[in-house]
Structures are given as C-alpha cells and as structure tokens.
Amino acid sequence: MLEELKKLEALQAIDLKIFNLEEEQDALPAQNDILKSQIDEKEKRLAALKSEIKIQVIEKEQRDEILKKGEEKLKTITGKQGAIRNKEEYNALLRDVDTTKRFNRDLSEEIEEIRQTILTKEAELAQIEEESNKEIAEIEQTISDNEKRISEIEEILDDLYAKRDEVVKNIKPIVYNKYQRILSKSPNARAIATAENRVCLGCNMTLPPELFNMVLRSTHIEVCPNCQCILIPSQKPRDLSEITAAEMKSKKNVIEISDDDDE
Ligand SMILES: [Zn+2]
C-alpha cells in the first residue's frame with residue numbers, strides 16, 4: 001500500500017497546482033469587471049464635466065444674444081434724440097437710456113463671470129482629462145494582461161489535466177476513489193497529509209498511537225480523524241530533536257513532579 005500512497009503524493013502535488021490556478025482563473029474575470037467599471041467612472045466624470053461646460057457655454061450664448069439686443073435698443077433710443085419735442089420727452093429718454101445702459105452693464109458683468117467659470121472648468125477638464133487618460137491606459141493594460149494570463153492558465157491547466165490522467169492511470173481505483181472523495185469535499189484541495197512523530201501535519205492534531213502505528217505499517221488507507229486527509233507516513237527517521245512541544249511539556253512535568261517528591 002505504501003507504493004500506492006506515494007503515487008497519491010504525486011497526484012496531490014498536481015491537484016494543488018490545478019486548484020491554485022483555477023482559483024486564479026476564477027478571480028481574474030471579476031477583477032477585470034472591477035477595472036472596467038473604474039474606467040466607466042472616469043469616463044462618466046469627464047463627460048459630466050464636459051456637459052457642465054456646455055451648459056455654461058449655452059448660458060453665455062443666450063446672454064450674448066440678449067446683450068446684442070440691449071445694445072441695439074440703446075442705439076435706437078439715442079437715435080430718437082432728434083425727434084424730441086419737449087423737456088418731458090427728453091427726461092423720459094434720459095431715463096430710458098440710463099435703464100438700458102444699466103441693464104446692459106449688469107448683463108456684461110454676468111457674461112464675464114460665466115466666461116471665467118468656463119475658463120476655470122476648461123482648465124480643470126484639461127488636467128483631469130490628461131490624468132484620466134493616463135490612468136485609463138494603465139487600467140486597460142492590466143485588463144489585457146489579465147486576459148493573457150487567463151489563456152495562459154488555460155494552457156497550463158490542459159497540461160496538468162493530461163499529467164493527472166497519466167498519474168491516475170497507475171493508481172488502484174479503490175485508492176484513487178477514496179482520494180477523490182476526500183478531495184471533492186476539501187475546501188483547499190487537500191486529500192493527503194504526512195504523519196510524523198504521531199502528528200498529522202495536515203492539521204497538527206496528535207494521532208492516537210494505534211492509528212499512527214497503522215499508518216506506519218501502511219497496510220490500509222488510514223484517515224486523520226480531524227482533517228479527514230489520507231495519512232502518509234513520513235520518510236524521515238524519528239529524530240530526538242523533533243520531539244513535539246507537547247511531549248517536551250509532559251516530560252518537564254514528570255521532572256517537576258519528581259523534584260517535588262525529593263523534597
Ligand atoms: Zn489531520
């Protein structure tokens with residue numbers, strides 16, 4: 001059985017690679033969607049600023065038109081000067097001239113304000129447009145890199161699936177099926193774990209001694225009661241320097257107790 005378990009190690013290595021690549025592949029389209037919406041936002045911001053400027057331009061044009069009429073009116077009024085017959089008519093004309101001049105002056109000031117606003121917004125637009133275009137170009141580059149990576153992963157995965165098929169062919173179906181069952185339930189694509197010094201290295205749980213002995217004998221497939229991984233005996237010989245912290249602690253306790261006894 002040890003031979004079969006060793007084959008599972010090779011399979012597990014491939015499956016981990018497949019898992020990580022599939023995760024990456026799954027994440028990339030969502031990442032691109034976010035990037036595309038960032039571009040949309042930047043473009044919307046530019047469009048909003050452009051339409052604000054357009055509104056101001058229209059406002060200014062409308063006032064320019066009214067001012068033109070105001071100036072024509074002033075000309076007409078002053079042209080009537082020759083037809084004045086008395087002081088009353090003269091005073092009325094002066095009032096009319098005065099009112100029209102004031103109206104035109106106020107309107108000119110308003111037009112100048114709008115013109116300044118347009119200039120400010122146009123400068124702002126020019127700056128934002130330059131920054132946004134640069135940022136949009138960078139984002140578009142990332143999107144295209146991601147798309148390249150997606151197809152690259154596609155190719156690597158095809159290779160890995162083929163390699164996997166080759167490995168699976170040489171594993172006994174009963175062993176493979178058990179592995180596959182555990183793998184399909186694992187959230188992180190782990191179906192085997194090394195058992196070393198009585199500890200499952202998959203989840204760090206201390207294994208019952210009988211179970212650990214069974215794993216060392218490798219006559220059957222043994223599974224970690226905690227993480228459900230198939231347990232594979234470590235190839236490393238047991239080394240004293242690798243005694244687990246738990247064992248150290250229990251030894252220390254023994255020493256302390258015996259110290260107490262001496263007193
Ligand atoms: Zn475990």
# chains A, B, ... in the order shown; residues from 1 in each chain; ligands from 1

$ residues_near_ligand --ligand "ligand 1" --cutoff "7 Å" --atoms "only C-alpha atoms and all ligand atoms" --output "VMD selection string"
chain A and resid 193 200 to 205 224 to 229

$ select_by_dssp --residues "segment 157-218 of chain A" --states "alpha helix (DSSP H)" --output "ChimeraX atom specification"
/A:157-169,173-185,209-217

$ closest_atom_pairs --of "segment 105-145 of chain A" --to "segment 35-55 of chain A" --cutoff "7 Å" --atoms "only C-alpha atoms" --output "Markdown table"
| residue | atom | partner | partner_atom | distance |
| --- | --- | --- | --- | --- |
| A:Ile118 | CA | A:Ile53 | CA | 6.0 |
| A:Lys121 | CA | A:Ile53 | CA | 6.6 |
| A:Leu125 | CA | A:Leu49 | CA | 6.6 |
| A:Glu129 | CA | A:Leu46 | CA | 6.7 |
| A:Ser132 | CA | A:Lys42 | CA | 6.4 |
| A:Ile136 | CA | A:Ile39 | CA | 5.8 |
| A:Ile139 | CA | A:Leu35 | CA | 6.4 |

$ write_last_selection --atoms "N, CA and C atoms" --output "short mmCIF file (atom, residue, chain, number, x, y, z; two decimals), in the first residue's frame"
data_model
loop_
_atom_site.label_atom_id
_atom_site.label_comp_id
_atom_site.auth_asym_id
_atom_site.auth_seq_id
_atom_site.Cartn_x
_atom_site.Cartn_y
_atom_site.Cartn_z
N ILE A 118 -16.28 79.25 -17.30
CA ILE A 118 -15.97 78.34 -18.41
C ILE A 118 -14.46 78.11 -18.50
N LYS A 121 -13.33 75.86 -15.65
CA LYS A 121 -13.75 74.46 -15.87
C LYS A 121 -12.99 73.82 -17.02
N LEU A 125 -10.86 70.54 -16.72
CA LEU A 125 -11.10 69.42 -17.63
C LEU A 125 -9.80 68.96 -18.29
N GLU A 129 -8.55 65.37 -17.69
CA GLU A 129 -8.56 64.53 -18.89
C GLU A 129 -7.18 63.89 -19.09
N SER A 132 -6.78 61.25 -16.31
CA SER A 132 -7.70 60.11 -16.53
C SER A 132 -7.24 59.27 -17.71
N ILE A 136 -6.58 55.49 -17.40
CA ILE A 136 -7.38 54.55 -18.21
C ILE A 136 -6.46 53.65 -19.04
N ILE A 139 -5.07 51.03 -16.74
CA ILE A 139 -6.09 50.03 -16.39
C ILE A 139 -6.33 49.09 -17.58
#

$ select_by_dssp --residues "segment 172-245 of chain A" --states "strand (DSSP E)" --output "ChimeraX atom specification"
/A:192-196,199-200,230-233

$ write_last_selection --atoms "N, CA and C atoms" --output "short mmCIF file (atom, residue, chain, number, x, y, z; two decimals), in the first residue's frame"
data_model
loop_
_atom_site.label_atom_id
_atom_site.label_comp_id
_atom_site.auth_asym_id
_atom_site.auth_seq_id
_atom_site.Cartn_x
_atom_site.Cartn_y
_atom_site.Cartn_z
N ILE A 192 -4.39 14.50 1.17
CA ILE A 192 -3.43 13.66 1.89
C ILE A 192 -2.62 14.53 2.86
N ALA A 193 -2.13 13.88 3.92
CA ALA A 193 -1.31 14.61 4.89
C ALA A 193 -0.22 13.66 5.38
N THR A 194 0.92 14.21 5.68
CA THR A 194 2.02 13.40 6.22
C THR A 194 1.81 13.22 7.72
N ALA A 195 2.05 12.01 8.18
CA ALA A 195 2.01 11.75 9.62
C ALA A 195 3.44 11.62 10.10
N GLU A 196 3.80 12.46 11.04
CA GLU A 196 5.19 12.46 11.52
C GLU A 196 5.20 12.61 13.03
N VAL A 199 2.00 13.04 14.75
CA VAL A 199 1.19 14.23 14.47
C VAL A 199 0.80 14.23 13.00
N CYS A 200 -0.49 14.59 12.73
CA CYS A 200 -0.92 14.79 11.35
C CYS A 200 -0.45 16.18 10.95
N ILE A 230 -5.97 11.52 3.94
CA ILE A 230 -5.33 10.21 3.94
C ILE A 230 -3.92 10.40 4.52
N LEU A 231 -3.59 9.59 5.50
CA LEU A 231 -2.30 9.78 6.19
C LEU A 231 -1.20 8.99 5.52
N ILE A 232 -0.09 9.67 5.26
CA ILE A 232 1.06 9.04 4.63
C ILE A 232 2.23 9.12 5.61
N PRO A 233 2.89 7.99 5.87
CA PRO A 233 3.98 8.04 6.86
C PRO A 233 5.14 8.89 6.34
#

$ closest_residue --among "A:Asn20, A:Thr78, A:Gln127, A:Gln56" --to "Thr100 of chain A" --atoms "only C-alpha atoms"
A:Thr78
